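Undergrad: First the structure, then my questions, so here it is.
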Amino acid sequence: MTRITGGLIDRSQTLNFTFDGKRYAGHPGDTLASALLANGVRLMGRSFKYHRPRGVVAAGSEEPNALVTVGSGARATPNTRATVVELFDGLQATSQNRWPSLAVDALGVNDLLSPFFAAGFYYKTFMWPKSFWEKLYEPIIRRAAGLGKLPMQADPDAYDKGYLHCDLLVIGGGAAGLAAALTAARAGAQVVLADEDFRLGGRLLAESHALDDAPPTDWLAGVTAELRSLPNLRILTRTTVFGAYDHGIYGAVEHVSDHLAEPGGRVRQTLWRITAKRSLLAAGAIERHIPFANNDRPGVMLAGAMRAYANRWAVTPQARDGDRVAIFANNDDGHRTALDLMARGVPIFGVIDPREDAPRLGECQLFAGGQVTGTQGRLGLSSIRIAHQGRNDWYECAALGVSGGWNPNLHLAAHHRGRPVWDDALQAFVPGPDGPPGLCAIGAAAGQGTTAAALASGAKGAQDALRDLGIAASLPDLPVAEDHSAPPAPIWHVPGPGRAWVDFQNDVTVKDIALAHRENMRSVEHMKRWTTLGMATDQGKTANVTALAVMAELTGQSIPQTGTTVFRPPYTPVAISALSGGDPGTHFKPTRLTPTHHWAAERGAVFIESGQWMRAQYYPRPGETHWRQSVDREAQAVRAGVGICDVTTLGKIDVQGGDAAAFLDRLYANTMSTLKVGRVRYGLMLREDGFVYDDGTCARLAQDHFVVTTTTANAGLVYRNMEFARQGLWPDLDVQIISTTDAWAQIAVAGPKSRALLERVVDDADLSNEAFPFMACDTLTVCGGLRARLFRISFSGELAYELAVPARYGAALMDRLMAKGADLGVVPYGLEALNVLRIEKGHCTAAEVNGQTTAQMLGLGRMVSQKKDALGVVLSRREGLVGERRALVGLMPADPATPLVGGAHLFTAGAAQKTETDQGWITSVCYSPHLNSHIGLGFLENGADRLGEEITAANPLAGTDVTVRVVSPHFLDPEGGRLRD
Amino acid sequence: MTDLIPTTAFGTTTARTATHGALSMAEDVTTALASVALRRGADVPVPLGLPLPGPGGWAGADGAMAVCMGPDQWLILGADGAGGDFAADIAAAAPDCSVTEQTDGWVILDIRSKDDADGAPMAELLTRLVNLDPATLAPGRATRSQTGHLGIIALRLAPDRLLLLGLRSAAESLWQHLDGTLRRLAVPR
Amino acid sequence: MIIPHPLLGPRDSQEFTIMGDAKLLARPDGLADGAEAAFFDYLYLRDNPAGLHRELWYHEQGDRSWLVVTRDTLTHEILGAELASDVARRLAEGAA
Amino acid sequence: MRFSGFRVVKEALTGHKGWKPLWRDPDPQPAYDIVIVGGGGHGLATAYYLANTFDKPRVAVLEKGWLGGGNIGRNTTIVRSNYLLPGNQPFYEFSLKLWEGLEQEFNFNAMMSQRGILNLIHSDAQRDAYRRRGNAMLLSGADAELLDLAAVRDMYPFLNFDNARFPIRGGLLQRRAGTARHDAVAWGFARGADLAGVDLIQNCEVTGFRIENGTVKGVETTRGYVGAGKVGVAVAGSTTRVMEKAGLRLPIESQGLQAFVSEGLKPAIDGVITFGAGHFYISQSDKGGLVFGGDIESYNSYAQRGNLPVVEDVMECGMAMLPGIGRARVLRSWGGIMDMTMDGSPIIDRTPVQGLYLNGGWCYGGFKATPASGYTFAHLLATDTPHPVTTAMRLDRFERGHLIDEKGAGAQPNLH
């Protein structure tokens, strides 16, 4: 155990957990990393490329090394940073990217072969022989790559999403963030304070220096209590603000129950979309290391992290009690780690500081002007080599804290691609002026790194932000705090032989950067892409600036001339489940049900998705073993007697107003204004580019009142277009529109006996052919006073009607029609029979009106009136559209029993089959029980002139050719006598 | 009067309800709906004595309410009117307007927060349902928006009461979304 | 993004559907001479500016207003929004 | 310097001291036979083929930033030839054939990996549409297979088969499709062009065209005037901004497209899979990251970044198709500028300005086209006649009504 005294852990409780199957114990307040360290476990992972043994480097979300898989089964979560996993009882963690074990990893051989794996090596080899890439090289590379293993099972946890709106979002709950939140919340502003940690305080939790002569936890307790009492402030702990988007919108993920052994009905994570009028980035700073030879062994960590582990978690990175610890720092802050550890009884044998004038800040050996030039220890640090005053000696050392200074954590400030600016005094990049509008950095994120400066800049930042919003805020009394600012010396790496890691996880060393330089991959983006620097799971948080400095040294340019770091969302990796709201299952998109859905379900209907709708596909009867039997029966029943079908899904738009008719004349290619009241007309709508957009009917209920129908698929789009035309093109027309699709249950009643059936349900209406002819419509009552609309329109080619009643009566109407029509042989029919009936009549649906077809192709060219200005008419006259020779035809196989398939291509009989000879395709197919033949519709080159010709329908995917005869698309009753009787 | 038996938006004969923690919701099957749109040059009517509210508002009381749906367009809610011809009544009361029957176009869900006059559970619910500044749906306000990929009309009738109108055909999806949200909120964090 | 709806105030862009360049409000006269060339320009050619862009947004999950939003395509900053019907009326009066 | 396994071993044993720059950094010369504006994938490929195939070495590529810094460096790396229309499919099949020999040709391992693309089918109508497409692919000489549900289940058992809003009913598979390492494609072409004598000039922005009597004479740049016999523009999202300087308005809008990569994971997804009930496509890189994307941002933008609604939509679609990816984390998102045309298909053509040629309008599909785009654009620049597979990709097709509208979405770029 390397647990020491103090810390913010609850020793009264023990939490048991396992790592690679071995049992350990920790306490509430621990992270997985701190608990492992407390148990003397330093080896936590393997690096990506060389499989080098690795231990924890950091104490926060920037950790590049200590990645583990947490949980098991479908809940296994790979690549989880041990530094941010809050310990809970029963936690199972497993190491990754090693075989057979973490300590003995076969692919550790990669490390020995590392000279062959220099930056960019794979671009230069693995090309011979050609077939070996996919058969040999790539499979090996793929297996070796990757880190953790995804279970690839549906995520069983629940997630949710929420929306917050506030005056001020404070990102980070350290000294600066707390001061800001306090200032703003006291002023009455709506504030959201988000922090990724499970405890507010940020760096204050990790430091020992006093606030107002008391431990920082005292001040934290007071401020936290006050903040929690304020109703206008929402505190989100365990919440990472991961992205800054446009107009003050931030994405954040709250880890609601990741830290619980048993979620107990809670969601695992919540995605918050926070809309903030102003925001303050108080994300602190991230310490950088100093690359030197073999600087990546377990036991080497950032000095600030080492201090955090000691102060907050009461652990040290020693392998065992009494092991010696050293510090390598180019700045005063690094020395603090030595002081804090010594104060807690940890032996510090020395501080190595490359500054010749390094101050002596504590009672331990100071190697001023010294550098660490090497390390030893196979699975953990055992000794370091120190170059000092001309000597280069090995010293026993089990843990080394490294500090190369601090980089403001400006990630979010760069999400709008704004460039950070170099601050020479700080030797660091700070947020530039072109960050996300409304966002301002405070505290260490702005380079205000001392506690006093952070507190002050937080309070001031909040005051300024609120002033912009017209809210006056007064500055709170802030505690007296340390204010020692000492920028690092510009020492970026220790030159020398051996590999010095810059990017730990991706195994990018100083030599790789030098190679990138040699190969002219010098621009920062080329360097990054050539070496993979900064592309690991930490996005280079601990590596990028150092790499820039190394490249700058090689090119002789300054660091800002060399480039800047650009960050993209997310700040830290975010679970896909959180962003999606979890596994949507069948709720991926809304489901719309027809008014007769449950009625149909009770009758055993089989349903099929039709856009968002579920529609009855067919109604199988006992004894029917194949869907075709049901469909044939339904279709035949319609043509022989009467069938009923719910067609509610067609869009219905109510169009009213003094100029309604003129409006529809401009929307439809044909003329609507001449339609008489009480009549219906088929309408063809073009897109402005001249292609067919939609078709439907317009029923004129009154001089100034139409009901327009659209196809099911286009209902929303046609409505949108109508609003555009009404508001944007012809705002002076007196037209009002509203959708009524859902309000009415619309039932098709089709077949020669449909009139007989309807006469039994209407109240006092004359449905005779004379009184209510084909294309008539009226409002009336049915079933004893129920409001209804009746349209005599036909999709099947039979005598047919569509009857609309308020949706709540749809199911009852079906029942009534079935009861009243029993002796007429009435059947309910589904989408498949509807399809058969319409194909037999050559009516088009989405398969034919697919956005690529013209009115002329559909045989509807004459409907496009050239006498008026309607949408699409002008551009339908373009050469390419007018010259289109393909036309809708009917197709019958020479052998009626041979099925046709949609998507087959059409060729002149005997022609070679290739792109150049392609003459069209089949759009729709069915079996026609009335023709006793499979039939199809399709578009065929010069189709209208080829009736009777035998051609080939080729389906090369299945290797089949079918000889088909070209016929009229109106297979049945081409004169339309039946629907007019 | 027809002898046909109506069904609810969920295909049943009785209204659906649910309670999770402090929040409950119930389908309203009796309120009638009609839309009113101004014709060119028409004066704004006062149907059933209702002053038609401006954008983002609703007006009226439990008997009849009007909510603004868009420029020059309102939806009128008539309590217990679903059995009659509400659109005809409204048309008579708004002669220079385009009136359209909407009663069965929507499912109406009445969401209430129990035992909590300040509406804190309701406010928390709103953070999960709609991406709107709370002021947009403060008591007395109404708006169209979306929740769970579904368009809605929302009326904040009181601090503890929210009326949601969604497409009738998507009632089941809306219910699933709301029921899940209420259920999750009932679990303390 | 947040769209400043002229009637409803700031609203999340997710409530909207976008169609592109607001030049589509200036539909040519289909019965005029040379209509084909005018319609080609109208429907197909775009300035596609890197900077201020006037564009059409439809408040589909809202009040069904079509808006003309002025937005900077480099920064996404929105400088204003008005009802498309107001713009269209001005266009009709030849004052836009 | 020729790359080889031998060379890698030799350098490894000698401290990597012998590697040379992948390309020179020359200053611009006063004039070239052909100037290519844009040092992205298409521009570099054009220069490569001009110099290596069409024997035109006096070529410069002018790049305002760094080579390969445009959409070639920010895409989802998918290579395929599964188009429907005769104006497109032969071109993409030509491109796929070039891909198949590319690495040996330019002596650079771009990790072209033909692990297949599977387009999922969720309805009968979609099956018919994909059958039409698959047949069109076969007719063009490409490969295609229509899979039934059992075959899809066999191939990718982890797809959402049993709990889906839009159940999977089959798939259209192109086995020869796959992925390639995007940056390496740019570098391979750049290195090959440089070795053939092409001047690749970075940090050189074209600020204007010198046009006399309707003929282009050269370009003004931030590094001075560069004379040119011909100028070819291949600048993707910046197409309208550059062509505007020559006085041309185009049927193009620039819109943002986001893409995403997860943390590295052990191999789980072998090929490319696309969702048929929403915008989503995914593959897994050799490094282990899940690489995926979805719908475009739909608004005009030059900002190279996107917003949350699309992020959420992409993730929702991904989870609907592959609920097993939920616990993977998104590591990084990025945004590119797409030159969206009014019919969703590209333009490779002359322009009304003599000597000025346009290669653009690639929408979000330019990566797979890179070799063929370069080859055919080089063909056009070198011979002044369009390559046979690009005859439909004309600039005047919009005016004349000869559109190549794969989706049938009409003249609204954000619908393509």
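Letters for chains follow the order of the structure tokens (A, B, ...), residue numbers begin at 1 for each chain, and ligand numbers begin at 1 in the order shown.
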Write down, as a ChimeraX atom specification, each residue of chain C that has any atom within 7 Å of an atom of chain D, counting only C-alpha atoms.
TA: /C:14,18,20,40,43-48,50,73-75
Undergrad: Go ahead and save the residues from that selection, with C-alpha atoms, as a PDB file, in the first residue's frame.
TA:
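In the end it all went to out.pdb:
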```pdb
ATOM      1  CA  GLN C  14     -33.802  22.237 -35.017  1.00  0.00           C
ATOM      2  CA  ILE C  18     -33.701  25.330 -44.517  1.00  0.00           C
ATOM      3  CA  GLY C  20     -31.180  27.969 -49.207  1.00  0.00           C
ATOM      4  CA  PHE C  40     -32.546  28.864 -65.216  1.00  0.00           C
ATOM      5  CA  LEU C  43     -33.485  28.134 -59.919  1.00  0.00           C
ATOM      6  CA  TYR C  44     -29.892  27.095 -60.559  1.00  0.00           C
ATOM      7  CA  LEU C  45     -27.321  29.864 -60.264  1.00  0.00           C
ATOM      8  CA  ARG C  46     -26.082  30.928 -56.862  1.00  0.00           C
ATOM      9  CA  ASP C  47     -23.832  33.647 -55.542  1.00  0.00           C
ATOM     10  CA  ASN C  48     -22.890  31.274 -52.710  1.00  0.00           C
ATOM     11  CA  ALA C  50     -18.478  33.632 -48.211  1.00  0.00           C
ATOM     12  CA  THR C  73     -21.494  31.798 -43.886  1.00  0.00           C
ATOM     13  CA  LEU C  74     -17.975  32.212 -42.511  1.00  0.00           C
ATOM     14  CA  THR C  75     -18.893  32.669 -38.867  1.00  0.00           C
TER      15      THR C  75
END
```
Undergrad: If you take only C-alpha atoms and a cut-off of 6 Å, which residues of chain B touch chain C, and what are their nearest atom pairs and distances in Å to one decimal, in chain and number order, as JSON lines?
TA:
```
{"residue": "B:Met69", "atom": "CA", "partner": "C:Asp63", "partner_atom": "CA", "distance": 5.6}
{"residue": "B:Gly70", "atom": "CA", "partner": "C:Asp63", "partner_atom": "CA", "distance": 4.3}
{"residue": "B:Arg144", "atom": "CA", "partner": "C:Gly62", "partner_atom": "CA", "distance": 4.6}
{"residue": "B:Ser145", "atom": "CA", "partner": "C:Gly62", "partner_atom": "CA", "distance": 5.1}
{"residue": "B:Gln146", "atom": "CA", "partner": "C:Gln61", "partner_atom": "CA", "distance": 5.8}
{"residue": "B:Gly151", "atom": "CA", "partner": "C:Gln61", "partner_atom": "CA", "distance": 5.5}
```
Undergrad: Which residues come within 12 Å of Ser101 of chain A, counting only C-alpha atoms, excluding same-chain residues fewer than 2 positions away, as a PyMOL selection string?
TA: chain A and resi 19-21+43-46+51+53+94-99+103-108
Undergrad: Counting only C-alpha atoms, give me one row per residue of chain C with an atom at most 8 Å from an atom of chain A, showing the shortest contact pair and its distance in Å to one decimal, sorted by chain then residue number, as a tab-separated table.
TA:
```
residue	atom	partner	partner_atom	distance
C:Met1	CA	A:Asp246	CA	5.1
C:Ile2	CA	A:His247	CA	6.0
C:Leu25	CA	A:Gly728	CA	5.6
C:Ala26	CA	A:Leu729	CA	7.4
C:Arg27	CA	A:Leu729	CA	6.9
C:Asp29	CA	A:Asp869	CA	7.4
C:Gly30	CA	A:Asp869	CA	5.0
C:Leu31	CA	A:Asp869	CA	6.0
C:Ala35	CA	A:Val874	CA	6.8
C:Glu36	CA	A:Val874	CA	5.9
C:Phe39	CA	A:Leu875	CA	6.9
C:Phe40	CA	A:Leu875	CA	7.4
C:Leu43	CA	A:Asp689	CA	7.4
C:Glu60	CA	A:Arg720	CA	7.7
C:Arg64	CA	A:Glu723	CA	7.5
C:Ser65	CA	A:Gln727	CA	7.8
C:Trp66	CA	A:Phe724	CA	6.6
C:His76	CA	A:Asp246	CA	7.0
C:Glu77	CA	A:His247	CA	7.4
C:Ala84	CA	A:Gly728	CA	5.4
C:Ser85	CA	A:Gln727	CA	4.7
C:Val87	CA	A:Gly728	CA	7.8
C:Ala88	CA	A:Gly728	CA	5.5
C:Arg89	CA	A:Pro731	CA	6.4
```
Undergrad: Put those residues in a file: N, CA and C atoms, as a compact mmCIF listing (two decimals), in the first residue's frame.
TA:
```txt
# COMPACT_ATOMS: atom_id res chain seq x y z
N MET C 1 -27.87 26.13 -33.87
CA MET C 1 -27.98 27.57 -34.11
C MET C 1 -29.29 28.09 -33.50
N ILE C 2 -29.33 29.36 -33.29
CA ILE C 2 -30.54 30.02 -32.76
C ILE C 2 -31.04 30.98 -33.83
N LEU C 25 -37.31 33.77 -53.65
CA LEU C 25 -38.54 34.57 -53.52
C LEU C 25 -38.82 35.37 -54.78
N ALA C 26 -37.76 35.64 -55.54
CA ALA C 26 -37.90 36.51 -56.71
C ALA C 26 -38.18 35.66 -57.95
N ARG C 27 -39.33 35.01 -57.93
CA ARG C 27 -39.66 34.10 -59.04
C ARG C 27 -40.01 34.91 -60.29
N ASP C 29 -41.49 35.85 -64.05
CA ASP C 29 -42.80 35.69 -64.67
C ASP C 29 -42.70 34.58 -65.72
N GLY C 30 -43.44 33.53 -65.51
CA GLY C 30 -43.36 32.39 -66.42
C GLY C 30 -43.97 32.64 -67.77
N LEU C 31 -44.73 33.69 -67.91
CA LEU C 31 -45.37 33.97 -69.20
C LEU C 31 -44.60 35.02 -70.00
N ALA C 35 -38.52 33.52 -70.59
CA ALA C 35 -38.74 32.97 -69.25
C ALA C 35 -37.77 31.83 -68.95
N GLU C 36 -37.42 31.05 -69.96
CA GLU C 36 -36.56 29.90 -69.69
C GLU C 36 -35.20 30.32 -69.14
N PHE C 39 -35.67 31.62 -65.61
CA PHE C 39 -35.90 30.55 -64.65
C PHE C 39 -34.64 29.73 -64.39
N PHE C 40 -33.81 29.56 -65.42
CA PHE C 40 -32.55 28.86 -65.22
C PHE C 40 -31.71 29.62 -64.19
N LEU C 43 -33.46 29.40 -60.64
CA LEU C 43 -33.48 28.13 -59.92
C LEU C 43 -32.09 27.56 -59.68
N GLU C 60 -40.87 24.74 -39.52
CA GLU C 60 -41.74 23.59 -39.72
C GLU C 60 -42.29 23.05 -38.41
N ARG C 64 -44.92 27.64 -38.77
CA ARG C 64 -45.02 27.44 -40.21
C ARG C 64 -44.71 28.71 -41.01
N SER C 65 -44.01 29.62 -40.38
CA SER C 65 -43.57 30.81 -41.11
C SER C 65 -42.34 30.47 -41.95
N TRP C 66 -42.28 31.02 -43.13
CA TRP C 66 -41.03 31.05 -43.88
C TRP C 66 -40.32 32.35 -43.51
N HIS C 76 -21.20 32.00 -39.18
CA HIS C 76 -22.56 31.58 -38.82
C HIS C 76 -23.30 32.65 -37.99
N GLU C 77 -22.69 33.80 -37.81
CA GLU C 77 -23.40 34.87 -37.09
C GLU C 77 -24.66 35.27 -37.85
N ALA C 84 -40.75 35.93 -44.56
CA ALA C 84 -40.60 35.89 -46.01
C ALA C 84 -41.75 36.61 -46.69
N SER C 85 -42.92 36.56 -46.07
CA SER C 85 -44.06 37.23 -46.70
C SER C 85 -43.84 38.74 -46.76
N VAL C 87 -40.89 40.19 -47.00
CA VAL C 87 -39.89 40.40 -48.05
C VAL C 87 -40.54 40.26 -49.41
N ALA C 88 -41.39 39.23 -49.53
CA ALA C 88 -42.03 38.98 -50.82
C ALA C 88 -42.93 40.15 -51.21
N ARG C 89 -43.61 40.71 -50.25
CA ARG C 89 -44.46 41.86 -50.57
C ARG C 89 -43.62 43.04 -51.04
```
Undergrad: For a quick check of understanding, using only C-alpha atoms, which of B:Ala91, B:Val107, B:Leu155, B:Ala138 has the smallest distance to Ser169 of chain B?
TA: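 Of all the options, B:Val107 lies closest to Ser169 of chain B.
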Undergrad: List every residue of segment 1-233 of chain D that DSSP, applied to the backbone, labels as strand (DSSP E or B), and write the result as an MDAnalysis selection string.
TA: chainID D and resid 31:37 59:62 78:79 113 117:121 145:148 170:174 178:179 199:201 206:212 215:221 224:233
Undergrad: Taking C-alpha atoms for each residue, export the selection above as a short mmCIF file (atom, residue, chain, number, x, y, z; two decimals), in the first residue's frame.
TA:
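Saved result, result08.cif, follows:
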```
data_model
loop_
_atom_site.label_atom_id
_atom_site.label_comp_id
_atom_site.auth_asym_id
_atom_site.auth_seq_id
_atom_site.Cartn_x
_atom_site.Cartn_y
_atom_site.Cartn_z
CA ALA D 31 4.84 30.56 -66.29
CA TYR D 32 3.71 26.99 -66.78
CA ASP D 33 1.92 25.12 -69.53
CA ILE D 34 -0.79 24.22 -67.10
CA VAL D 35 -1.59 25.63 -63.69
CA ILE D 36 -3.81 23.63 -61.36
CA VAL D 37 -5.51 25.70 -58.70
CA VAL D 59 2.67 21.94 -64.49
CA ALA D 60 2.27 23.76 -61.22
CA VAL D 61 -0.20 23.09 -58.43
CA LEU D 62 -1.02 26.21 -56.42
CA ILE D 78 -14.95 5.36 -48.71
CA VAL D 79 -14.20 4.10 -52.18
CA SER D 113 -8.70 -2.06 -48.77
CA ILE D 117 -19.76 -1.74 -49.00
CA LEU D 118 -23.19 -2.94 -47.96
CA ASN D 119 -26.20 -0.69 -48.51
CA LEU D 120 -29.00 -1.91 -46.27
CA ILE D 121 -32.49 -2.37 -47.65
CA GLU D 145 -24.73 -8.49 -55.34
CA LEU D 146 -28.24 -8.29 -53.97
CA LEU D 147 -28.29 -9.98 -50.58
CA ASP D 148 -31.33 -11.36 -48.87
CA GLY D 170 -31.59 -7.23 -47.42
CA GLY D 171 -28.71 -5.33 -48.86
CA LEU D 172 -26.86 -4.31 -51.96
CA LEU D 173 -23.24 -5.35 -51.70
CA GLN D 174 -20.30 -4.20 -53.71
CA GLY D 178 -13.79 -0.32 -49.49
CA THR D 179 -11.68 2.34 -47.91
CA ASP D 199 5.95 22.17 -58.95
CA LEU D 200 3.80 21.84 -55.85
CA ILE D 201 3.56 25.29 -54.37
CA VAL D 206 -4.87 32.44 -56.20
CA THR D 207 -6.33 35.91 -55.89
CA GLY D 208 -7.44 36.46 -59.46
CA PHE D 209 -7.30 35.42 -63.08
CA ARG D 210 -5.71 37.38 -65.87
CA ILE D 211 -8.16 37.09 -68.72
CA GLU D 212 -7.60 38.80 -72.07
CA THR D 215 -8.86 33.78 -72.78
CA VAL D 216 -7.11 33.07 -69.53
CA LYS D 217 -3.41 34.04 -69.49
CA GLY D 218 -2.45 33.26 -65.94
CA VAL D 219 -3.30 33.71 -62.32
CA GLU D 220 -2.54 36.34 -59.74
CA THR D 221 -1.39 34.81 -56.49
CA GLY D 224 3.02 36.87 -57.58
CA TYR D 225 1.70 36.44 -61.08
CA VAL D 226 1.99 33.00 -62.64
CA GLY D 227 1.46 32.69 -66.37
CA ALA D 228 -0.38 29.68 -67.69
CA GLY D 229 -1.31 28.15 -71.01
CA LYS D 230 -4.29 26.61 -69.32
CA VAL D 231 -5.73 26.81 -65.86
CA GLY D 232 -7.61 23.99 -64.20
CA VAL D 233 -9.54 24.73 -61.04
#
```
Undergrad: May I have the residues within 9 Å of Asp72 of chain B as a short mmCIF file (atom, residue, chain, number, x, y, z; two decimals) with N, CA, C and O atoms, in the first residue's frame, using only C-alpha atoms and disregarding those fewer than 5 positions away in the same chain?
TA:
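Listing of result-v6.cif after writing:
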```
data_model
loop_
_atom_site.label_atom_id
_atom_site.label_comp_id
_atom_site.auth_asym_id
_atom_site.auth_seq_id
_atom_site.Cartn_x
_atom_site.Cartn_y
_atom_site.Cartn_z
N VAL B 36 -58.85 28.67 -37.04
CA VAL B 36 -59.39 29.90 -37.60
C VAL B 36 -58.24 30.65 -38.26
O VAL B 36 -57.21 30.87 -37.62
N ALA B 37 -58.41 30.99 -39.52
CA ALA B 37 -57.38 31.78 -40.20
C ALA B 37 -58.04 33.01 -40.80
O ALA B 37 -59.12 32.92 -41.40
N LEU B 38 -57.37 34.12 -40.63
CA LEU B 38 -57.93 35.37 -41.15
C LEU B 38 -57.88 35.40 -42.66
O LEU B 38 -56.87 35.06 -43.27
N ARG B 39 -58.96 35.84 -43.26
CA ARG B 39 -58.90 36.09 -44.69
C ARG B 39 -58.36 37.51 -44.93
O ARG B 39 -58.29 38.32 -44.01
N VAL B 44 -59.89 40.82 -36.94
CA VAL B 44 -59.71 39.67 -36.06
C VAL B 44 -61.02 39.44 -35.31
O VAL B 44 -61.53 40.34 -34.66
N GLY B 54 -51.93 36.92 -29.36
CA GLY B 54 -50.83 37.13 -30.29
C GLY B 54 -49.87 35.95 -30.27
O GLY B 54 -50.11 34.96 -29.56
#
```
Undergrad: Using Å and a single decimal, report how far atom CA of Tyr364 of chain D sits from atom CA of Val566 of chain A.
TA: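 These atoms are spaced 23.3 Å apart.
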Undergrad: Using only C-alpha atoms, which protein or nucleic acid residues come within 12 Å of Gly134 of chain D? Drop anything in the same chain fewer than 4 positions from it, and give the result as a ChimeraX atom specification.
TA: /A:902-905,954-959 /D:81-85,89,118-119,126-130,138-147,171-174
Undergrad: Provide as number ranges by chain the residues of chain A at most 6 Å from chain D, counting only C-alpha atoms.
TA: A: 77, 115-116, 123-125, 142, 145-149, 152-155, 245, 519-520, 537, 569-570, 573-577, 579-580, 583, 585-586, 588, 851-852, 878-881, 902-904, 914-915, 956-957
Undergrad: Give me, as an MDAnalysis selection string, the contact residues of chain B against chain A at a cut-off of 7 Å, counting only C-alpha atoms.
TA: chainID B and resid 1:8 11 37 39:40 98 102:105 127:128 130:131 133 149 167:170 173 184 187
Undergrad: Write down as a PyMOL selection string the residues of chain C whose backbone DSSP state falls under alpha helix (DSSP H).
TA: chain C and resi 35-44+84-92
Undergrad: For Arg621 of chain A, work out the shell of residues within 9 Å, counting only C-alpha atoms and skipping chain neighbours fewer than 3 positions away, then give it as a list in words.
TA: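 Within the cut-off, the hits are Gly604, Glu624, Thr625 and Ser630 of chain A.
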Undergrad: Could the residues in this selection be written to a file with all heavy atoms, as a compact mmCIF listing (two decimals), in the first residue's frame?
TA:
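Okay, out_14.txt is ready:
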```txt
# COMPACT_ATOMS: atom_id res chain seq x y z
N GLY A 604 -56.24 -9.64 -37.70
CA GLY A 604 -55.07 -10.42 -38.10
C GLY A 604 -54.28 -9.81 -39.25
O GLY A 604 -53.48 -10.51 -39.89
N GLU A 624 -54.98 -19.67 -45.66
CA GLU A 624 -54.10 -19.03 -46.64
C GLU A 624 -52.67 -19.15 -46.14
O GLU A 624 -52.33 -18.64 -45.08
CB GLU A 624 -54.51 -17.57 -46.85
CG GLU A 624 -55.85 -17.45 -47.57
CD GLU A 624 -56.37 -16.02 -47.67
OE1 GLU A 624 -55.82 -15.13 -46.98
OE2 GLU A 624 -57.32 -15.79 -48.44
N THR A 625 -51.85 -19.82 -46.92
CA THR A 625 -50.50 -20.11 -46.43
C THR A 625 -49.47 -19.20 -47.07
O THR A 625 -48.31 -19.18 -46.67
CB THR A 625 -50.12 -21.56 -46.72
OG1 THR A 625 -50.30 -21.81 -48.12
CG2 THR A 625 -51.01 -22.51 -45.93
N SER A 630 -53.82 -14.37 -50.15
CA SER A 630 -54.63 -13.32 -49.52
C SER A 630 -54.80 -12.14 -50.47
O SER A 630 -55.89 -11.59 -50.64
CB SER A 630 -53.99 -12.85 -48.22
OG SER A 630 -53.62 -13.93 -47.42
```
